[in-house]
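To start, the structure itself, in C-alpha cells.
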Amino acid sequence: MWNPGTWRSKPAAQQPTWPDKANLERVEKELASVPPLVFAGEARDLRERLAAVARGDAFLLQAGDCAESFDGFNADAIREKLRVILQMAVILTYSSGVPAIKVGRIAGQFAKPRSKPTETVDGTELPSFLGHMVNDMPFSKGDRTPAPERLLQAYNQSASTLNLLRAFTKGGFADLHRVQAWNQEFVASSNEGQRYASLASEIDRALRFMEATGVSSLQTEIHEAEFFTSHEALILQYEEALTREDSLTGQWYDCSAHMLWIGERTRQLDGAHVEFLRGVKNPIGCKVGPSTTPADIVGLCEVLDPDREPGRLTLISRMGADKVADTLPPLLEAVKEAEYPVVWACDPMHGNTFTSGSGHKTRHFDDVLAEVSAFFAAHRGAGTWPGGIHVELTGEDVTECLGGAEEVQTEDLAKRYETMCDPRLNARQALDLAFRVAELVIPNR
Ligand code: PEP
Ligand code: CO
C-alpha cells in the first residue's frame, strides 16, 4: 500500500548525506505544516491539458532554468523568463495552430542530480554542489555541507516566485494585446526579434479584426495566460512534506508544483523516486535517456500510469542528437503497442552537453535543433504525436550555448556565462528554436 512515506524503504539515488538528522526532521515537520504552493484542482487542470497533448490536440512547452538560484533572486529575472516562454508559446500557437501548454521549470527547481557525489580539488574532497535546496556552490566545507534550512528557503522562494507568476499571468502582463511589448530590446534588433515583431503585428491585426466584427477580444483567454510550474522531484523529504490529501477527492497531491518529474539518474523501477511519484495524482514526467530499453519503458508506464490515464505521464526523451534516430523508435513502438496514452516530449539539451575548448560546459544550437528534428521524424515514422519540447533557457542575454542565428562562438562563452548548472538558451536562441519547432508541428486536423 502506498503512502507519502513508502519511498523511505526503497533505495534513493542522488540523495545528500545530511549531517544533522535531527535538524532535517525538524525542518520536515515545519514544512509539513506550511500552506501548499499549488492546489489539487490546478494539477487536475494541467492533467486535462496534457490529455489534449496526448491526443495530438495540443503541444507542451516546458521551459526554464536548469537550476534556480537563491542569489540575485528578483522580480526582473522571473518576468524575463516568463516573457520569453510567452513569446515561444505565441510563436508555436500562431504558426502551427495548435495550443501550446506552458509549464515552467520554475518556482521549485532547486535540486540537481550530479554525475559524481563528490568533487576533489587539490587533494580536498567535498560533496558536489546539489543545488541551492541542499548546499552552496563555493568549494568550502561550510558551503558544501548539506543544510536542511535550505529546504525552507526553497519553499519560501518558490512561494514568492509563484505569487509573482500568478500576478503577471493574471494581472495584465500576459494579455495578448501586449504581444508586441514582450519583445525585449536586445532581442528586437536581431533577426529572430524582427521575425517575432511581424508575427506580433499579425496577432494585433487579428485581435482588431475580431473586435471590429463584434467578437469580443476581452475574454479571459486573451487577457490572462495559463501557466503551470514543475521541477525535478529529487529531494524526497521536501516532496513528501508538501504532499497533501485533497479534501475533494481524498487523493494525494504533491503540492510543491503542478507537475513533477523523475530524472534520468533516478528512474530505477525499484527505487525511491518511482515509488514516491507513482502514488501522487499530479501529472508526472520521467526523463528517458539512450540506455532505456523497451522493457524499461513499459515497466515505467505500468508503475507510473497503471490506469492508462491520458495526461498522467509525460515521457521526456533526452537521447543526444546522434543517438535519437536509433534509440527512440523502438521505445515509441513499445509504448504504442502496450497502449499507454503518454505525452512524448523532447529534451534536446541534456544529451548534447560537452566541454568547449574554453573549458565551459556548453551545447550547440545545431545539435539541439538536430535532436528536435530527429524526434519529430521518429514520431512521423511511428505514427505517434511529437507532443512537446523541454528546454533550459533564460530571458537574459547570456552566452552559454553556442550557435544560433546570432552565432555565439567559443570565444564568446566567457562573456556572460552565468548558469549555476547547465548551459541555457538565451532569449534570441529560444525564439529561434520556437520558430524552427513551429515549422515541424503539423496539426492533426
Ligand atoms: C535536468 O533536467 O536538469 C537534468 C538533470 O536532466 P536529466 O535527468 O535528463 O539528466
Ligand atoms: Co539541466
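All residue names refer to the C-alpha cells as shown: chains lettered A, B, ... in order, residues numbered from 1 in each chain, ligands numbered from 1 in order.
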Go through chain A and flag each residue having an atom no more than 8 Å from ligand 2; for those, report the closest pair of atoms plus their distance in Å to one decimal, using only C-alpha atoms and all ligand atoms, ordered by chain and rising number, as a Markdown table.
```
| residue | atom | partner | partner_atom_place_in_ligand_line | distance |
| --- | --- | --- | --- | --- |
| A:Asp65 | CA | ligand 2 | 1 (Co) | 7.6 |
| A:Cys66 | CA | ligand 2 | 1 (Co) | 4.1 |
| A:Ala67 | CA | ligand 2 | 1 (Co) | 7.0 |
| A:Lys112 | CA | ligand 2 | 1 (Co) | 7.9 |
| A:Met349 | CA | ligand 2 | 1 (Co) | 7.6 |
| A:His350 | CA | ligand 2 | 1 (Co) | 6.3 |
| A:Glu392 | CA | ligand 2 | 1 (Co) | 6.7 |
| A:Cys421 | CA | ligand 2 | 1 (Co) | 6.5 |
| A:Asp422 | CA | ligand 2 | 1 (Co) | 4.7 |
| A:Pro423 | CA | ligand 2 | 1 (Co) | 7.5 |
```
Keeping only N, CA and C atoms, write the selected residues as a JSON list (two decimals), in the first residue's frame.
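So the final result, stored in again-v1.json, reads:
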```json
[["chain", "number", "residue", "atom", "x", "y", "z"],
["A", 65, "ASP", "N", 14.92, 27.45, -16.10],
["A", 65, "ASP", "CA", 16.30, 27.28, -15.67],
["A", 65, "ASP", "C", 16.67, 25.82, -15.49],
["A", 66, "CYS", "N", 17.97, 25.52, -15.66],
["A", 66, "CYS", "CA", 18.46, 24.22, -15.23],
["A", 66, "CYS", "C", 18.30, 24.16, -13.73],
["A", 67, "ALA", "N", 18.82, 25.18, -13.04],
["A", 67, "ALA", "CA", 18.69, 25.27, -11.58],
["A", 67, "ALA", "C", 18.39, 26.71, -11.22],
["A", 112, "LYS", "N", 19.71, 19.40, -7.87],
["A", 112, "LYS", "CA", 20.34, 18.84, -9.06],
["A", 112, "LYS", "C", 20.97, 17.48, -8.80],
["A", 349, "MET", "N", 18.41, 19.10, -24.83],
["A", 349, "MET", "CA", 19.53, 19.75, -24.16],
["A", 349, "MET", "C", 20.48, 18.74, -23.52],
["A", 350, "HIS", "N", 19.93, 17.83, -22.68],
["A", 350, "HIS", "CA", 20.79, 17.06, -21.79],
["A", 350, "HIS", "C", 21.60, 15.96, -22.44],
["A", 392, "GLU", "N", 16.03, 24.21, -21.50],
["A", 392, "GLU", "CA", 16.62, 25.08, -20.49],
["A", 392, "GLU", "C", 16.92, 26.42, -21.14],
["A", 421, "CYS", "N", 24.29, 25.72, -13.31],
["A", 421, "CYS", "CA", 24.45, 24.29, -13.58],
["A", 421, "CYS", "C", 24.65, 24.10, -15.08],
["A", 422, "ASP", "N", 23.59, 23.77, -15.84],
["A", 422, "ASP", "CA", 23.76, 23.52, -17.26],
["A", 422, "ASP", "C", 23.58, 24.81, -18.09],
["A", 423, "PRO", "N", 24.19, 24.83, -19.30],
["A", 423, "PRO", "CA", 24.07, 25.99, -20.19],
["A", 423, "PRO", "C", 22.65, 26.15, -20.74]]
```
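For ligand 1, the neighbouring protein, DNA and RNA residues, which are those within 8 Å when only C-alpha atoms and all ligand atoms are counted, are Cys66, Ala67, Lys112, Pro113, Arg114, Glu232, Ile262, Gly263, Glu264, Arg265, Thr266, Lys287, Val288, Gly289, Ile316, Arg318, Asp347, His350, Gly351, Glu392 and Asp422 of chain A.
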Now that the selection is made, can you save its residues with C-alpha atoms as a PDB file, in the first residue's frame?
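This is the output file out_8.pdb:
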```
ATOM      1  CA  CYS A  66      18.456  24.217 -15.228  1.00  0.00           C
ATOM      2  CA  ALA A  67      18.690  25.265 -11.584  1.00  0.00           C
ATOM      3  CA  LYS A 112      20.341  18.841  -9.055  1.00  0.00           C
ATOM      4  CA  PRO A 113      21.460  15.271  -9.632  1.00  0.00           C
ATOM      5  CA  ARG A 114      25.207  15.137 -10.368  1.00  0.00           C
ATOM      6  CA  GLU A 232      12.538  17.536 -10.724  1.00  0.00           C
ATOM      7  CA  ILE A 262      11.842  11.915 -12.333  1.00  0.00           C
ATOM      8  CA  GLY A 263      15.357  12.452 -13.685  1.00  0.00           C
ATOM      9  CA  GLU A 264      17.362  10.140 -15.899  1.00  0.00           C
ATOM     10  CA  ARG A 265      19.543   9.197 -12.912  1.00  0.00           C
ATOM     11  CA  THR A 266      16.701   8.357 -10.521  1.00  0.00           C
ATOM     12  CA  LYS A 287      13.288  11.527 -18.388  1.00  0.00           C
ATOM     13  CA  VAL A 288      14.454   8.696 -20.622  1.00  0.00           C
ATOM     14  CA  GLY A 289      17.984   8.588 -21.993  1.00  0.00           C
ATOM     15  CA  ILE A 316      10.790  13.151 -21.834  1.00  0.00           C
ATOM     16  CA  ARG A 318      16.843  13.111 -23.980  1.00  0.00           C
ATOM     17  CA  ASP A 347      14.526  17.435 -24.162  1.00  0.00           C
ATOM     18  CA  HIS A 350      20.785  17.064 -21.786  1.00  0.00           C
ATOM     19  CA  GLY A 351      22.045  14.579 -24.377  1.00  0.00           C
ATOM     20  CA  GLU A 392      16.616  25.078 -20.486  1.00  0.00           C
ATOM     21  CA  ASP A 422      23.759  23.522 -17.265  1.00  0.00           C
TER      22      ASP A 422
END
```
Practice problem: Find the spatial neighbours of A:Lys415, counting only C-alpha atoms, within a cut-off of 12 Å - ignore same-chain residues fewer than 6 positions away - and output them as a PyMOL selection string. | Solution: chain A and resi 358+360+397-401+408-409
Resulting file, chosen residues, N, CA, C and O atoms, as a short mmCIF file (atom, residue, chain, number, x, y, z; two decimals), in the first residue's frame:
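For reference, part-v2.cif as written:
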```
data_model
loop_
_atom_site.label_atom_id
_atom_site.label_comp_id
_atom_site.auth_asym_id
_atom_site.auth_seq_id
_atom_site.Cartn_x
_atom_site.Cartn_y
_atom_site.Cartn_z
N SER A 358 37.24 26.30 -24.44
CA SER A 358 37.48 27.32 -23.42
C SER A 358 37.20 26.78 -22.01
O SER A 358 37.29 27.52 -21.03
N HIS A 360 34.23 25.62 -20.91
CA HIS A 360 32.84 25.79 -20.47
C HIS A 360 31.99 24.58 -20.86
O HIS A 360 32.13 24.06 -21.96
N ASP A 397 20.40 37.93 -21.62
CA ASP A 397 21.26 37.89 -22.80
C ASP A 397 22.56 37.15 -22.46
O ASP A 397 23.64 37.73 -22.51
N VAL A 398 22.46 35.87 -22.12
CA VAL A 398 23.66 35.12 -21.71
C VAL A 398 24.36 34.51 -22.92
O VAL A 398 23.80 34.44 -24.02
N THR A 399 25.59 34.07 -22.71
CA THR A 399 26.33 33.34 -23.74
C THR A 399 26.75 32.01 -23.14
O THR A 399 27.85 31.88 -22.61
N GLU A 400 25.85 31.05 -23.17
CA GLU A 400 26.12 29.75 -22.55
C GLU A 400 26.04 28.63 -23.57
O GLU A 400 26.78 27.65 -23.46
N CYS A 401 25.13 28.76 -24.56
CA CYS A 401 25.04 27.77 -25.64
C CYS A 401 25.63 28.38 -26.90
O CYS A 401 25.44 29.56 -27.18
N VAL A 408 26.75 32.47 -31.35
CA VAL A 408 27.62 32.58 -30.18
C VAL A 408 28.81 31.66 -30.46
O VAL A 408 28.64 30.49 -30.81
N GLN A 409 30.03 32.21 -30.39
CA GLN A 409 31.24 31.43 -30.68
C GLN A 409 31.91 31.00 -29.38
O GLN A 409 31.64 31.58 -28.33
#
```
Practice problem: Please report, as a PyMOL selection string, each residue of stretch 141-375 of chain A to which DSSP assigns strand (DSSP E or B) when run on this structure's backbone. | Solution: chain A and resi 227-232+243-245+252-254+259-262+284-288+313-317+343-346+354-355+361-362+364
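Once A:Asn191 and its same-chain neighbours fewer than 6 positions away are set aside, Ala197, Ala405, Glu406, Arg428, Leu431 and Asp432 of chain A remain within 10 Å of it when counting only C-alpha atoms.
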Once you have the residues from the selection above, write them out as a PDB file, in the first residue's frame, restricted to all heavy atoms.
```pdb
ATOM      1  N   ALA A 197       8.435  40.295 -34.159  1.00  0.00           N
ATOM      2  CA  ALA A 197       7.661  41.538 -34.221  1.00  0.00           C
ATOM      3  C   ALA A 197       6.636  41.478 -35.350  1.00  0.00           C
ATOM      4  O   ALA A 197       5.501  41.948 -35.182  1.00  0.00           O
ATOM      5  CB  ALA A 197       8.598  42.732 -34.410  1.00  0.00           C
ATOM      6  N   ALA A 405      21.134  31.945 -34.682  1.00  0.00           N
ATOM      7  CA  ALA A 405      21.229  32.863 -35.818  1.00  0.00           C
ATOM      8  C   ALA A 405      22.261  33.951 -35.565  1.00  0.00           C
ATOM      9  O   ALA A 405      22.992  34.354 -36.460  1.00  0.00           O
ATOM     10  CB  ALA A 405      19.860  33.460 -36.120  1.00  0.00           C
ATOM     11  N   GLU A 406      22.321  34.457 -34.328  1.00  0.00           N
ATOM     12  CA  GLU A 406      23.365  35.441 -33.998  1.00  0.00           C
ATOM     13  C   GLU A 406      24.517  34.666 -33.354  1.00  0.00           C
ATOM     14  O   GLU A 406      24.757  34.788 -32.161  1.00  0.00           O
ATOM     15  CB  GLU A 406      22.861  36.481 -32.994  1.00  0.00           C
ATOM     16  CG  GLU A 406      21.446  36.941 -33.193  1.00  0.00           C
ATOM     17  CD  GLU A 406      21.342  38.129 -34.126  1.00  0.00           C
ATOM     18  OE1 GLU A 406      22.041  39.121 -33.871  1.00  0.00           O
ATOM     19  OE2 GLU A 406      20.582  38.046 -35.103  1.00  0.00           O
ATOM     20  N   ARG A 428      17.204  35.078 -27.563  1.00  0.00           N
ATOM     21  CA  ARG A 428      17.196  35.028 -29.034  1.00  0.00           C
ATOM     22  C   ARG A 428      17.213  33.581 -29.526  1.00  0.00           C
ATOM     23  O   ARG A 428      16.475  33.201 -30.438  1.00  0.00           O
ATOM     24  CB  ARG A 428      18.418  35.774 -29.603  1.00  0.00           C
ATOM     25  CG  ARG A 428      18.312  37.282 -29.519  1.00  0.00           C
ATOM     26  CD  ARG A 428      19.461  37.931 -30.272  1.00  0.00           C
ATOM     27  NE  ARG A 428      20.749  37.528 -29.733  1.00  0.00           N
ATOM     28  CZ  ARG A 428      21.450  38.234 -28.842  1.00  0.00           C
ATOM     29  NH1 ARG A 428      21.002  39.396 -28.445  1.00  0.00           N
ATOM     30  NH2 ARG A 428      22.593  37.784 -28.379  1.00  0.00           N
ATOM     31  N   LEU A 431      13.770  31.991 -29.077  1.00  0.00           N
ATOM     32  CA  LEU A 431      12.784  32.356 -30.105  1.00  0.00           C
ATOM     33  C   LEU A 431      13.100  31.642 -31.414  1.00  0.00           C
ATOM     34  O   LEU A 431      12.210  31.136 -32.102  1.00  0.00           O
ATOM     35  CB  LEU A 431      12.769  33.866 -30.360  1.00  0.00           C
ATOM     36  CG  LEU A 431      12.316  34.787 -29.235  1.00  0.00           C
ATOM     37  CD1 LEU A 431      11.969  36.168 -29.796  1.00  0.00           C
ATOM     38  CD2 LEU A 431      11.129  34.225 -28.482  1.00  0.00           C
ATOM     39  N   ASP A 432      14.374  31.616 -31.752  1.00  0.00           N
ATOM     40  CA  ASP A 432      14.822  30.932 -32.957  1.00  0.00           C
ATOM     41  C   ASP A 432      14.337  29.470 -32.913  1.00  0.00           C
ATOM     42  O   ASP A 432      13.729  28.960 -33.866  1.00  0.00           O
ATOM     43  CB  ASP A 432      16.363  31.003 -32.989  1.00  0.00           C
ATOM     44  CG  ASP A 432      16.946  30.706 -34.364  1.00  0.00           C
ATOM     45  OD1 ASP A 432      16.160  30.333 -35.256  1.00  0.00           O
ATOM     46  OD2 ASP A 432      18.169  30.847 -34.533  1.00  0.00           O
TER      47      ASP A 432
END
```
Quiz item: A:Phe59: which residues within 9 Å, counting only C-alpha atoms, same-chain residues fewer than 5 positions away excluded, as an NGL selection string?
Solution: :A and (50 or 52-54 or 92-93 or 98-102 or 345 or 386-389 or 441)
Practice problem: Between A:Ile203, A:Val274, A:Leu37, A:Ile222, single out the one closest to A:Leu236, counting only C-alpha atoms. | Solution: A:Val274
Any idea what's packed within 12 Å of A:His390, counting only C-alpha atoms, ignoring anything in its chain fewer than 6 positions away? Could you give it as a compact mmCIF listing (two decimals) with N, CA, C and O atoms, in the first residue's frame?
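The result, stored in part.txt:
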```
# COMPACT_ATOMS: atom_id res chain seq x y z
N PHE A 59 0.29 21.11 -27.72
CA PHE A 59 1.74 20.94 -27.72
C PHE A 59 2.28 21.44 -26.38
O PHE A 59 1.85 22.49 -25.89
N LEU A 60 3.17 20.69 -25.76
CA LEU A 60 3.71 21.06 -24.45
C LEU A 60 5.00 21.87 -24.60
O LEU A 60 5.93 21.44 -25.29
N LEU A 61 5.02 23.02 -23.95
CA LEU A 61 6.25 23.81 -23.90
C LEU A 61 6.68 23.86 -22.44
O LEU A 61 6.09 24.56 -21.62
N GLN A 62 7.69 23.05 -22.09
CA GLN A 62 8.19 23.03 -20.71
C GLN A 62 9.57 23.66 -20.73
O GLN A 62 10.46 23.20 -21.45
N ALA A 63 9.75 24.74 -19.97
CA ALA A 63 10.98 25.50 -20.13
C ALA A 63 11.32 26.31 -18.90
O ALA A 63 10.45 26.71 -18.13
N GLY A 64 12.61 26.54 -18.72
CA GLY A 64 13.07 27.36 -17.60
C GLY A 64 14.52 27.06 -17.29
O GLY A 64 15.23 26.46 -18.09
N ASP A 65 14.92 27.45 -16.10
CA ASP A 65 16.30 27.28 -15.67
C ASP A 65 16.67 25.82 -15.49
O ASP A 65 15.84 25.01 -15.13
N CYS A 66 17.97 25.52 -15.66
CA CYS A 66 18.46 24.22 -15.23
C CYS A 66 18.30 24.16 -13.73
O CYS A 66 17.73 23.22 -13.18
N ILE A 85 9.04 32.68 -22.42
CA ILE A 85 8.17 31.50 -22.56
C ILE A 85 6.85 31.89 -23.23
O ILE A 85 6.34 31.18 -24.10
N ILE A 101 0.79 24.44 -24.31
CA ILE A 101 0.58 24.37 -22.87
C ILE A 101 1.89 24.78 -22.20
O ILE A 101 2.93 24.16 -22.43
N LYS A 102 1.83 25.83 -21.38
CA LYS A 102 3.06 26.41 -20.82
C LYS A 102 3.33 25.87 -19.41
O LYS A 102 2.53 26.08 -18.50
N VAL A 103 4.45 25.21 -19.27
CA VAL A 103 4.86 24.68 -17.97
C VAL A 103 6.29 25.17 -17.70
O VAL A 103 7.20 24.87 -18.48
N GLY A 104 6.49 25.94 -16.64
CA GLY A 104 7.83 26.44 -16.33
C GLY A 104 8.64 25.44 -15.52
O GLY A 104 8.08 24.69 -14.71
N ARG A 105 9.94 25.42 -15.74
CA ARG A 105 10.87 24.77 -14.80
C ARG A 105 11.19 25.90 -13.82
O ARG A 105 12.20 26.58 -13.93
N SER A 230 6.74 23.36 -12.58
CA SER A 230 7.25 21.99 -12.47
C SER A 230 8.69 22.02 -11.99
O SER A 230 9.37 23.04 -12.12
N HIS A 231 9.13 20.92 -11.43
CA HIS A 231 10.55 20.74 -11.12
C HIS A 231 10.86 19.25 -10.99
O HIS A 231 9.95 18.43 -10.90
N TRP A 261 8.85 15.79 -12.12
CA TRP A 261 9.41 14.75 -12.97
C TRP A 261 10.53 13.99 -12.27
O TRP A 261 11.10 14.46 -11.28
N GLY A 285 6.34 13.48 -14.98
CA GLY A 285 7.20 13.23 -16.12
C GLY A 285 8.30 12.26 -15.74
O GLY A 285 8.57 12.05 -14.55
N CYS A 286 8.90 11.64 -16.74
CA CYS A 286 10.07 10.82 -16.49
C CYS A 286 11.03 11.02 -17.66
O CYS A 286 10.66 10.87 -18.82
N LYS A 287 12.27 11.38 -17.35
CA LYS A 287 13.29 11.53 -18.39
C LYS A 287 13.71 10.13 -18.83
O LYS A 287 13.87 9.23 -18.00
N THR A 314 4.20 11.95 -18.80
CA THR A 314 4.93 12.53 -19.92
C THR A 314 6.31 11.89 -19.95
O THR A 314 7.03 11.94 -18.95
N LEU A 315 6.65 11.27 -21.05
CA LEU A 315 7.98 10.69 -21.20
C LEU A 315 8.85 11.70 -21.94
O LEU A 315 8.48 12.18 -23.02
N ILE A 316 9.94 12.08 -21.30
CA ILE A 316 10.79 13.15 -21.83
C ILE A 316 12.07 12.53 -22.38
O ILE A 316 12.95 12.10 -21.62
N SER A 317 12.13 12.45 -23.70
CA SER A 317 13.25 11.78 -24.36
C SER A 317 14.45 12.72 -24.42
O SER A 317 14.34 13.86 -24.86
N ARG A 318 15.62 12.26 -23.95
CA ARG A 318 16.84 13.11 -23.98
C ARG A 318 18.01 12.23 -24.40
O ARG A 318 18.85 11.82 -23.62
N VAL A 343 2.25 11.39 -23.07
CA VAL A 343 2.75 12.53 -23.83
C VAL A 343 4.22 12.25 -24.08
O VAL A 343 4.95 11.87 -23.16
N TRP A 344 4.67 12.45 -25.31
CA TRP A 344 6.10 12.34 -25.63
C TRP A 344 6.66 13.74 -25.80
O TRP A 344 6.18 14.52 -26.63
N ALA A 345 7.66 14.08 -24.99
CA ALA A 345 8.30 15.39 -25.16
C ALA A 345 9.78 15.18 -25.44
O ALA A 345 10.35 14.14 -25.08
N CYS A 346 10.39 16.17 -26.07
CA CYS A 346 11.80 16.08 -26.44
C CYS A 346 12.61 17.08 -25.62
O CYS A 346 12.37 18.28 -25.69
N ASP A 347 13.54 16.57 -24.82
CA ASP A 347 14.53 17.44 -24.16
C ASP A 347 15.79 17.37 -25.03
O ASP A 347 16.53 16.39 -24.98
N PRO A 348 16.02 18.37 -25.86
CA PRO A 348 17.16 18.32 -26.78
C PRO A 348 18.42 18.90 -26.16
O PRO A 348 19.39 19.21 -26.88
N MET A 349 18.41 19.10 -24.83
CA MET A 349 19.53 19.75 -24.16
C MET A 349 20.48 18.74 -23.52
O MET A 349 21.70 18.77 -23.74
N HIS A 350 19.93 17.83 -22.68
CA HIS A 350 20.79 17.06 -21.79
C HIS A 350 21.60 15.96 -22.44
O HIS A 350 22.55 15.47 -21.84
N VAL A 368 20.95 20.90 -30.74
CA VAL A 368 19.62 21.00 -30.13
C VAL A 368 18.55 20.84 -31.22
O VAL A 368 17.61 20.04 -31.11
N GLU A 371 18.45 17.31 -32.70
CA GLU A 371 17.73 16.33 -31.88
C GLU A 371 16.22 16.51 -32.01
O GLU A 371 15.47 15.55 -32.14
N VAL A 372 15.77 17.79 -32.01
CA VAL A 372 14.33 18.03 -32.15
C VAL A 372 13.84 17.50 -33.50
O VAL A 372 12.80 16.83 -33.58
N ARG A 424 22.16 27.39 -20.73
CA ARG A 424 20.78 27.68 -21.16
C ARG A 424 20.76 28.46 -22.47
O ARG A 424 21.67 29.25 -22.75
N LEU A 425 19.69 28.28 -23.23
CA LEU A 425 19.50 29.11 -24.42
C LEU A 425 19.25 30.53 -23.96
O LEU A 425 18.56 30.74 -22.95
N ALA A 430 16.17 31.05 -27.94
CA ALA A 430 14.90 30.42 -27.58
C ALA A 430 13.82 30.74 -28.62
O ALA A 430 13.05 29.85 -29.03
N LEU A 433 14.56 28.81 -31.77
CA LEU A 433 14.13 27.42 -31.63
C LEU A 433 12.62 27.30 -31.79
O LEU A 433 12.13 26.40 -32.48
N ALA A 434 11.88 28.23 -31.19
CA ALA A 434 10.41 28.16 -31.27
C ALA A 434 9.95 28.24 -32.72
O ALA A 434 9.06 27.50 -33.15
N VAL A 437 10.76 24.91 -34.39
CA VAL A 437 9.87 23.83 -33.93
C VAL A 437 8.48 24.02 -34.53
O VAL A 437 7.86 23.06 -34.99
```
Exercise. Extract the full set of helix (DSSP H, G or I) residues from stretch 110-315 of chain A according to DSSP on the backbone, and format it as a ChimeraX atom specification.
Key: /A:141-144,149-170,176-178,185-188,191-212,220-223,236-241,264-266,272-279,294-304
